[in-house]
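Participant: Got a structure for you, questions after.
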Amino acid sequence: MAALVQAIRGMNDILPSDNAYWHQVESAIRAVVLQYGYSEIRCPVVESTDLFIRAVGTTTDIVEKEMYTFADRNGDSLSLRPEGTAGCVRAAIEHGLLYNQTQRLWYMGPMFRHERPQRGRYRQFYQFGVEAFGWKGPDADAEVIAISARLLQNLGLREYVTLELNTLGSFDSRIRYRKVLTDYFRSVESQLDEESRRRLESNPLRILDSKNPALKTVIAQAPLLMDHLDEESLAHFTGLREYLDAMGIDYVLNPRIVRGLDYYCHSVFEWTTDKLGAQSAVAAGGRYDALVEQLGGPQIPAAGFGLGIDRVVNLLEAIHATSIGDFSDIYVMAMSKTLHIKAMSIVEELRNKFSSQRIIVHCGEGSIKSQMKKADKSGAKIALIFGENEFLQGAVTVKWLRESREQEIVLLNQLDQFLKEHVL
Ligand code: HAM
């Protein structure tokens, strides 16, 4: 036998048996974005490496160690997108969507990060994201948070997640804080690891985001940006809190949220859960007022978030302790080739009338016993059996697969009505 080629570590197949929750989440996403008037944008999964370096930041973990970067055949450096915001901003600038207008955009699709795979952390994962362009006030921050809250609510997850909120303040506040932080880390420099020492020069705020457990205490004792906010930053943050309170969206303040991407300012937030082990963030985002300009566009403020669909699916599975199958409603079988042809055409008519029901017609031959086995496995509620005698009388047999109920003969001209009343 030939050697088996296996999938890449951290890049999962999502099998038919897993897809029911994915569909549920994707439908919930589409319903919510529609309610808030957001429009879909689809961007390529591959972009110039330079885009991510400029957007996410040279000294972030994502750019330093997690990107899938390769040389194109003509030598250009390309990368698989590690997140959705950079591409969305690039596309919006490139197509003139941000000149003298506001935009509410959303996207969904695969992202790629070369992290160490574990439960909830994959190398190919899926994000749903929204980005609101053109509003500098906290109402836009509140709107994107409300979208995430409603989505989690509609998926029945609200009681399993907590909204954690922080502010990174204005750029001015941050510059001042950077100095305070650098002084602090200098004073404990001997306790830092090599990477953090390097970041002390280039981007001391990044040290706060270090994943090295040995640095936990040093980081915990670092001064807080919250204590160095200027008036404008405080006003923005207080404004956001007022909106959230008015909308009944509970949150906890977490001054330690710094986010792993450099483009943020002012509000940052994460929805976390204690049901998924170490990978606790199911969604995260915030405001990024300088990014559009930094990528060559006009000076346009923005806010948004990304939600990890894999993690939301994991959470649904964890709380329901089971996967839901991809079941059908009706399984159709026939006792002869001639009847099978009839059955196929009758079912096409049923599909014309019932657009959202799943009707499976048995394919390939097989004894009644083996067909019944397949019918049972399909999860269908009933089997429709096309047999010689009944068909001569213009009828079909209905067998109940999930209830202990006598099978019955139903006239074909009454089949629609029967299915409407009893099955669909
Ligand atoms: P992020 O926090 O890097 O933000 O990712 C957002 C979410 O994607 C995370 O909260 C998590 O649920 C999911 N996620 C991230 N990495 C992985 C992984 N390796 N495996 C599985 N799930 C993962 C961003 O990407 C920003 N672009 C969000 C944003 C949009 N901010 C403003 N607009």
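Following the order of the structure tokens, chains are lettered A, B, ..., residues in each are numbered from 1, and ligands are numbered from 1.
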Chain A near ligand 1 within 9 Å: what's each residue's closest atom pair and its distance in Å to one decimal, counting only C-alpha atoms and all ligand atoms, ordered by chain then ascending residue number, as JSON lines?
Facilitator:
```
{"residue": "A:Gly10", "atom": "CA", "partner": "ligand 1", "partner_atom_place_in_ligand_line": "19 (N)", "distance": 8.6}
{"residue": "A:Val56", "atom": "CA", "partner": "ligand 1", "partner_atom_place_in_ligand_line": "27 (N)", "distance": 8.6}
{"residue": "A:Ile62", "atom": "CA", "partner": "ligand 1", "partner_atom_place_in_ligand_line": "3 (O)", "distance": 8.4}
{"residue": "A:Pro82", "atom": "CA", "partner": "ligand 1", "partner_atom_place_in_ligand_line": "25 (O)", "distance": 7.1}
{"residue": "A:Glu83", "atom": "CA", "partner": "ligand 1", "partner_atom_place_in_ligand_line": "25 (O)", "distance": 4.4}
{"residue": "A:Gly84", "atom": "CA", "partner": "ligand 1", "partner_atom_place_in_ligand_line": "27 (N)", "distance": 5.1}
{"residue": "A:Thr85", "atom": "CA", "partner": "ligand 1", "partner_atom_place_in_ligand_line": "27 (N)", "distance": 4.6}
{"residue": "A:Ala86", "atom": "CA", "partner": "ligand 1", "partner_atom_place_in_ligand_line": "27 (N)", "distance": 7.4}
{"residue": "A:Met111", "atom": "CA", "partner": "ligand 1", "partner_atom_place_in_ligand_line": "17 (C)", "distance": 8.1}
{"residue": "A:Phe112", "atom": "CA", "partner": "ligand 1", "partner_atom_place_in_ligand_line": "19 (N)", "distance": 7.2}
{"residue": "A:Arg113", "atom": "CA", "partner": "ligand 1", "partner_atom_place_in_ligand_line": "19 (N)", "distance": 5.7}
{"residue": "A:His114", "atom": "CA", "partner": "ligand 1", "partner_atom_place_in_ligand_line": "19 (N)", "distance": 7.6}
{"residue": "A:Glu115", "atom": "CA", "partner": "ligand 1", "partner_atom_place_in_ligand_line": "19 (N)", "distance": 6.1}
{"residue": "A:Arg116", "atom": "CA", "partner": "ligand 1", "partner_atom_place_in_ligand_line": "19 (N)", "distance": 8.2}
{"residue": "A:Pro117", "atom": "CA", "partner": "ligand 1", "partner_atom_place_in_ligand_line": "19 (N)", "distance": 7.4}
{"residue": "A:Gln118", "atom": "CA", "partner": "ligand 1", "partner_atom_place_in_ligand_line": "20 (N)", "distance": 8.6}
{"residue": "A:Arg119", "atom": "CA", "partner": "ligand 1", "partner_atom_place_in_ligand_line": "20 (N)", "distance": 8.5}
{"residue": "A:Gly120", "atom": "CA", "partner": "ligand 1", "partner_atom_place_in_ligand_line": "21 (C)", "distance": 5.2}
{"residue": "A:Arg121", "atom": "CA", "partner": "ligand 1", "partner_atom_place_in_ligand_line": "20 (N)", "distance": 3.5}
{"residue": "A:Tyr122", "atom": "CA", "partner": "ligand 1", "partner_atom_place_in_ligand_line": "20 (N)", "distance": 4.0}
{"residue": "A:Arg123", "atom": "CA", "partner": "ligand 1", "partner_atom_place_in_ligand_line": "19 (N)", "distance": 5.5}
{"residue": "A:Gln124", "atom": "CA", "partner": "ligand 1", "partner_atom_place_in_ligand_line": "20 (N)", "distance": 6.9}
{"residue": "A:Phe125", "atom": "CA", "partner": "ligand 1", "partner_atom_place_in_ligand_line": "21 (C)", "distance": 4.9}
{"residue": "A:Tyr126", "atom": "CA", "partner": "ligand 1", "partner_atom_place_in_ligand_line": "22 (N)", "distance": 6.7}
{"residue": "A:Gln127", "atom": "CA", "partner": "ligand 1", "partner_atom_place_in_ligand_line": "8 (O)", "distance": 5.7}
{"residue": "A:Phe128", "atom": "CA", "partner": "ligand 1", "partner_atom_place_in_ligand_line": "8 (O)", "distance": 8.1}
{"residue": "A:Gly129", "atom": "CA", "partner": "ligand 1", "partner_atom_place_in_ligand_line": "30 (C)", "distance": 5.7}
{"residue": "A:Val130", "atom": "CA", "partner": "ligand 1", "partner_atom_place_in_ligand_line": "33 (N)", "distance": 6.3}
{"residue": "A:Glu131", "atom": "CA", "partner": "ligand 1", "partner_atom_place_in_ligand_line": "33 (N)", "distance": 5.6}
{"residue": "A:Ala132", "atom": "CA", "partner": "ligand 1", "partner_atom_place_in_ligand_line": "33 (N)", "distance": 8.5}
{"residue": "A:Arg259", "atom": "CA", "partner": "ligand 1", "partner_atom_place_in_ligand_line": "2 (O)", "distance": 6.6}
{"residue": "A:Gly260", "atom": "CA", "partner": "ligand 1", "partner_atom_place_in_ligand_line": "3 (O)", "distance": 6.3}
{"residue": "A:Leu261", "atom": "CA", "partner": "ligand 1", "partner_atom_place_in_ligand_line": "3 (O)", "distance": 6.9}
{"residue": "A:Tyr263", "atom": "CA", "partner": "ligand 1", "partner_atom_place_in_ligand_line": "31 (N)", "distance": 8.5}
{"residue": "A:Tyr264", "atom": "CA", "partner": "ligand 1", "partner_atom_place_in_ligand_line": "32 (C)", "distance": 7.8}
{"residue": "A:Val268", "atom": "CA", "partner": "ligand 1", "partner_atom_place_in_ligand_line": "31 (N)", "distance": 8.4}
{"residue": "A:Glu270", "atom": "CA", "partner": "ligand 1", "partner_atom_place_in_ligand_line": "10 (O)", "distance": 6.7}
{"residue": "A:Trp271", "atom": "CA", "partner": "ligand 1", "partner_atom_place_in_ligand_line": "10 (O)", "distance": 7.3}
{"residue": "A:Thr272", "atom": "CA", "partner": "ligand 1", "partner_atom_place_in_ligand_line": "10 (O)", "distance": 8.1}
{"residue": "A:Gln279", "atom": "CA", "partner": "ligand 1", "partner_atom_place_in_ligand_line": "11 (C)", "distance": 7.8}
{"residue": "A:Ser280", "atom": "CA", "partner": "ligand 1", "partner_atom_place_in_ligand_line": "12 (O)", "distance": 7.7}
{"residue": "A:Ala281", "atom": "CA", "partner": "ligand 1", "partner_atom_place_in_ligand_line": "10 (O)", "distance": 4.4}
{"residue": "A:Val282", "atom": "CA", "partner": "ligand 1", "partner_atom_place_in_ligand_line": "12 (O)", "distance": 3.7}
{"residue": "A:Ala283", "atom": "CA", "partner": "ligand 1", "partner_atom_place_in_ligand_line": "10 (O)", "distance": 3.7}
{"residue": "A:Ala284", "atom": "CA", "partner": "ligand 1", "partner_atom_place_in_ligand_line": "10 (O)", "distance": 4.6}
{"residue": "A:Gly285", "atom": "CA", "partner": "ligand 1", "partner_atom_place_in_ligand_line": "31 (N)", "distance": 3.6}
{"residue": "A:Gly286", "atom": "CA", "partner": "ligand 1", "partner_atom_place_in_ligand_line": "32 (C)", "distance": 5.2}
{"residue": "A:Arg287", "atom": "CA", "partner": "ligand 1", "partner_atom_place_in_ligand_line": "32 (C)", "distance": 6.5}
{"residue": "A:Tyr288", "atom": "CA", "partner": "ligand 1", "partner_atom_place_in_ligand_line": "32 (C)", "distance": 7.0}
{"residue": "A:Ala302", "atom": "CA", "partner": "ligand 1", "partner_atom_place_in_ligand_line": "32 (C)", "distance": 8.2}
{"residue": "A:Ala303", "atom": "CA", "partner": "ligand 1", "partner_atom_place_in_ligand_line": "32 (C)", "distance": 5.8}
{"residue": "A:Gly304", "atom": "CA", "partner": "ligand 1", "partner_atom_place_in_ligand_line": "33 (N)", "distance": 3.6}
{"residue": "A:Phe305", "atom": "CA", "partner": "ligand 1", "partner_atom_place_in_ligand_line": "30 (C)", "distance": 3.5}
{"residue": "A:Gly306", "atom": "CA", "partner": "ligand 1", "partner_atom_place_in_ligand_line": "28 (C)", "distance": 3.9}
{"residue": "A:Leu307", "atom": "CA", "partner": "ligand 1", "partner_atom_place_in_ligand_line": "7 (C)", "distance": 4.6}
{"residue": "A:Gly308", "atom": "CA", "partner": "ligand 1", "partner_atom_place_in_ligand_line": "12 (O)", "distance": 3.4}
{"residue": "A:Ile309", "atom": "CA", "partner": "ligand 1", "partner_atom_place_in_ligand_line": "12 (O)", "distance": 6.9}
{"residue": "A:Asp310", "atom": "CA", "partner": "ligand 1", "partner_atom_place_in_ligand_line": "21 (C)", "distance": 6.0}
{"residue": "A:Arg311", "atom": "CA", "partner": "ligand 1", "partner_atom_place_in_ligand_line": "12 (O)", "distance": 5.9}
{"residue": "A:Val312", "atom": "CA", "partner": "ligand 1", "partner_atom_place_in_ligand_line": "12 (O)", "distance": 7.7}
```
Participant: Identify all residues of range 142-323 of chain A in strand (DSSP E) (DSSP on the backbone) and supply them as a ChimeraX atom specification.
Facilitator: /A:162-167,252-253,265-272,281-287,302-308
Participant: Using DSSP on the backbone, list every residue of range 86-292 of chain A that comes out as helix (DSSP H, G or I), and give them as a PyMOL selection string.
Facilitator: chain A and resi 86-94+138-154+158-160+171-187+189-191+194-202+204-209+213-220+225-228+231-246+291-292
Participant: So that I have them on file, write out the residues from the current selection with C-alpha atoms, as an mmCIF file, in the first residue's frame.
Facilitator:
```cif
data_model
loop_
_atom_site.group_PDB
_atom_site.id
_atom_site.type_symbol
_atom_site.label_atom_id
_atom_site.label_comp_id
_atom_site.auth_asym_id
_atom_site.auth_seq_id
_atom_site.Cartn_x
_atom_site.Cartn_y
_atom_site.Cartn_z
ATOM 1 C CA ALA A 86 -4.940 44.239 7.617
ATOM 2 C CA GLY A 87 -6.358 42.811 4.382
ATOM 3 C CA CYS A 88 -9.720 44.432 4.989
ATOM 4 C CA VAL A 89 -8.105 47.857 5.475
ATOM 5 C CA ARG A 90 -5.880 47.374 2.425
ATOM 6 C CA ALA A 91 -8.846 46.442 0.241
ATOM 7 C CA ALA A 92 -10.970 49.302 1.574
ATOM 8 C CA ILE A 93 -8.217 51.812 0.768
ATOM 9 C CA GLU A 94 -7.405 50.281 -2.602
ATOM 10 C CA PRO A 138 -17.103 55.473 21.540
ATOM 11 C CA ASP A 139 -20.489 54.744 19.926
ATOM 12 C CA ALA A 140 -18.702 52.699 17.219
ATOM 13 C CA ASP A 141 -16.747 50.749 19.855
ATOM 14 C CA ALA A 142 -20.049 50.097 21.639
ATOM 15 C CA GLU A 143 -21.693 48.953 18.405
ATOM 16 C CA VAL A 144 -19.052 46.367 17.575
ATOM 17 C CA ILE A 145 -19.130 45.064 21.144
ATOM 18 C CA ALA A 146 -22.940 44.848 20.924
ATOM 19 C CA ILE A 147 -22.622 42.748 17.753
ATOM 20 C CA SER A 148 -20.321 40.290 19.507
ATOM 21 C CA ALA A 149 -22.579 40.206 22.571
ATOM 22 C CA ARG A 150 -25.699 39.528 20.508
ATOM 23 C CA LEU A 151 -24.001 36.792 18.504
ATOM 24 C CA LEU A 152 -22.826 35.009 21.651
ATOM 25 C CA GLN A 153 -26.292 35.473 23.161
ATOM 26 C CA ASN A 154 -28.029 34.036 20.078
ATOM 27 C CA ARG A 158 -23.639 34.401 26.923
ATOM 28 C CA GLU A 159 -23.590 32.788 30.372
ATOM 29 C CA TYR A 160 -20.325 30.997 29.558
ATOM 30 C CA PHE A 171 -1.113 57.701 21.237
ATOM 31 C CA ASP A 172 0.107 60.572 23.432
ATOM 32 C CA SER A 173 -0.822 58.701 26.605
ATOM 33 C CA ARG A 174 0.963 55.692 25.280
ATOM 34 C CA ILE A 175 4.153 57.556 24.517
ATOM 35 C CA ARG A 176 4.225 58.837 28.092
ATOM 36 C CA TYR A 177 3.400 55.409 29.491
ATOM 37 C CA ARG A 178 6.103 53.837 27.348
ATOM 38 C CA LYS A 179 8.674 55.882 29.214
ATOM 39 C CA VAL A 180 7.294 54.868 32.632
ATOM 40 C CA LEU A 181 7.241 51.233 31.535
ATOM 41 C CA THR A 182 10.755 51.313 30.109
ATOM 42 C CA ASP A 183 12.042 52.736 33.401
ATOM 43 C CA TYR A 184 10.290 49.970 35.305
ATOM 44 C CA PHE A 185 11.563 47.127 33.104
ATOM 45 C CA ARG A 186 15.086 48.592 33.202
ATOM 46 C CA SER A 187 14.941 48.378 36.979
ATOM 47 C CA GLU A 189 16.158 43.939 33.599
ATOM 48 C CA SER A 190 18.103 41.023 35.087
ATOM 49 C CA GLN A 191 14.819 39.113 35.483
ATOM 50 C CA GLU A 194 16.323 37.647 25.980
ATOM 51 C CA GLU A 195 13.300 38.458 23.847
ATOM 52 C CA SER A 196 11.948 40.942 26.389
ATOM 53 C CA ARG A 197 15.333 42.619 26.720
ATOM 54 C CA ARG A 198 15.321 43.113 22.991
ATOM 55 C CA ARG A 199 11.779 44.485 23.144
ATOM 56 C CA LEU A 200 12.770 46.864 25.899
ATOM 57 C CA GLU A 201 14.423 48.904 23.181
ATOM 58 C CA SER A 202 12.013 48.365 20.315
ATOM 59 C CA PRO A 204 8.380 47.724 25.741
ATOM 60 C CA LEU A 205 4.565 47.365 25.699
ATOM 61 C CA ARG A 206 5.041 44.028 23.943
ATOM 62 C CA ILE A 207 6.765 42.650 27.042
ATOM 63 C CA LEU A 208 3.383 42.809 28.775
ATOM 64 C CA ASP A 209 2.090 40.335 26.192
ATOM 65 C CA PRO A 213 5.479 32.024 32.450
ATOM 66 C CA ALA A 214 8.756 32.991 34.155
ATOM 67 C CA LEU A 215 7.918 36.659 33.547
ATOM 68 C CA LYS A 216 4.474 36.518 35.088
ATOM 69 C CA THR A 217 5.379 38.237 38.380
ATOM 70 C CA VAL A 218 7.532 40.952 36.821
ATOM 71 C CA ILE A 219 4.718 41.732 34.409
ATOM 72 C CA ALA A 220 2.070 41.657 37.136
ATOM 73 C CA LEU A 225 -1.451 52.391 31.527
ATOM 74 C CA MET A 226 -4.868 52.988 33.100
ATOM 75 C CA ASP A 227 -3.043 55.181 35.666
ATOM 76 C CA HIS A 228 -1.409 57.311 32.958
ATOM 77 C CA GLU A 231 -8.199 63.552 29.528
ATOM 78 C CA GLU A 232 -9.167 62.607 25.981
ATOM 79 C CA SER A 233 -8.464 58.933 26.679
ATOM 80 C CA LEU A 234 -10.452 58.952 29.893
ATOM 81 C CA ALA A 235 -13.391 60.651 28.161
ATOM 82 C CA HIS A 236 -13.434 58.044 25.383
ATOM 83 C CA PHE A 237 -13.332 55.182 27.853
ATOM 84 C CA THR A 238 -15.990 56.667 30.128
ATOM 85 C CA GLY A 239 -18.139 57.251 27.045
ATOM 86 C CA LEU A 240 -17.874 53.611 26.006
ATOM 87 C CA ARG A 241 -18.758 52.419 29.494
ATOM 88 C CA GLU A 242 -21.859 54.617 29.472
ATOM 89 C CA TYR A 243 -23.051 53.028 26.214
ATOM 90 C CA LEU A 244 -22.377 49.513 27.485
ATOM 91 C CA ASP A 245 -24.204 50.196 30.745
ATOM 92 C CA ALA A 246 -27.174 51.637 28.845
ATOM 93 C CA LEU A 291 -3.949 51.963 10.904
ATOM 94 C CA VAL A 292 -5.729 53.216 7.791
#
```
Participant: Residues near range 40-44 of chain A, anyone? I mean within 6 Å using only C-alpha atoms, not counting same-chain ones fewer than 6 positions away, as a PDB file with N, CA, C and O atoms, in the first residue's frame.
Facilitator:
```
ATOM      1  N   LEU A 105     -18.134  46.879   7.681  1.00  0.00           N
ATOM      2  CA  LEU A 105     -17.778  45.688   6.899  1.00  0.00           C
ATOM      3  C   LEU A 105     -17.643  44.454   7.795  1.00  0.00           C
ATOM      4  O   LEU A 105     -17.307  44.572   8.975  1.00  0.00           O
ATOM      5  N   TRP A 106     -17.896  43.284   7.200  1.00  0.00           N
ATOM      6  CA  TRP A 106     -17.632  42.033   7.931  1.00  0.00           C
ATOM      7  C   TRP A 106     -17.022  41.008   6.985  1.00  0.00           C
ATOM      8  O   TRP A 106     -17.146  41.127   5.767  1.00  0.00           O
ATOM      9  N   TYR A 107     -16.356  40.017   7.562  1.00  0.00           N
ATOM     10  CA  TYR A 107     -15.735  38.955   6.766  1.00  0.00           C
ATOM     11  C   TYR A 107     -15.662  37.684   7.590  1.00  0.00           C
ATOM     12  O   TYR A 107     -15.803  37.714   8.829  1.00  0.00           O
TER      13      TYR A 107
END
```
Participant: Between A:Asn413, A:Gln407, A:Thr60, A:Ser267, single out the one closest to Ile382 in chain A, counting only C-alpha atoms.
Facilitator: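 For Ile382 in chain A, the nearest of the given residues is A:Gln407.
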Participant: From the set A:Gln6, A:Asn100, A:Ser328, A:Gln221, which residue has the shortest atom-to-atom contact distance to Asp376 in chain A, counting only C-alpha atoms?
Facilitator: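 Of A:Gln6, A:Asn100, A:Ser328, A:Gln221, the one nearest Asp376 in chain A, counting only C-alpha atoms, is A:Ser328.
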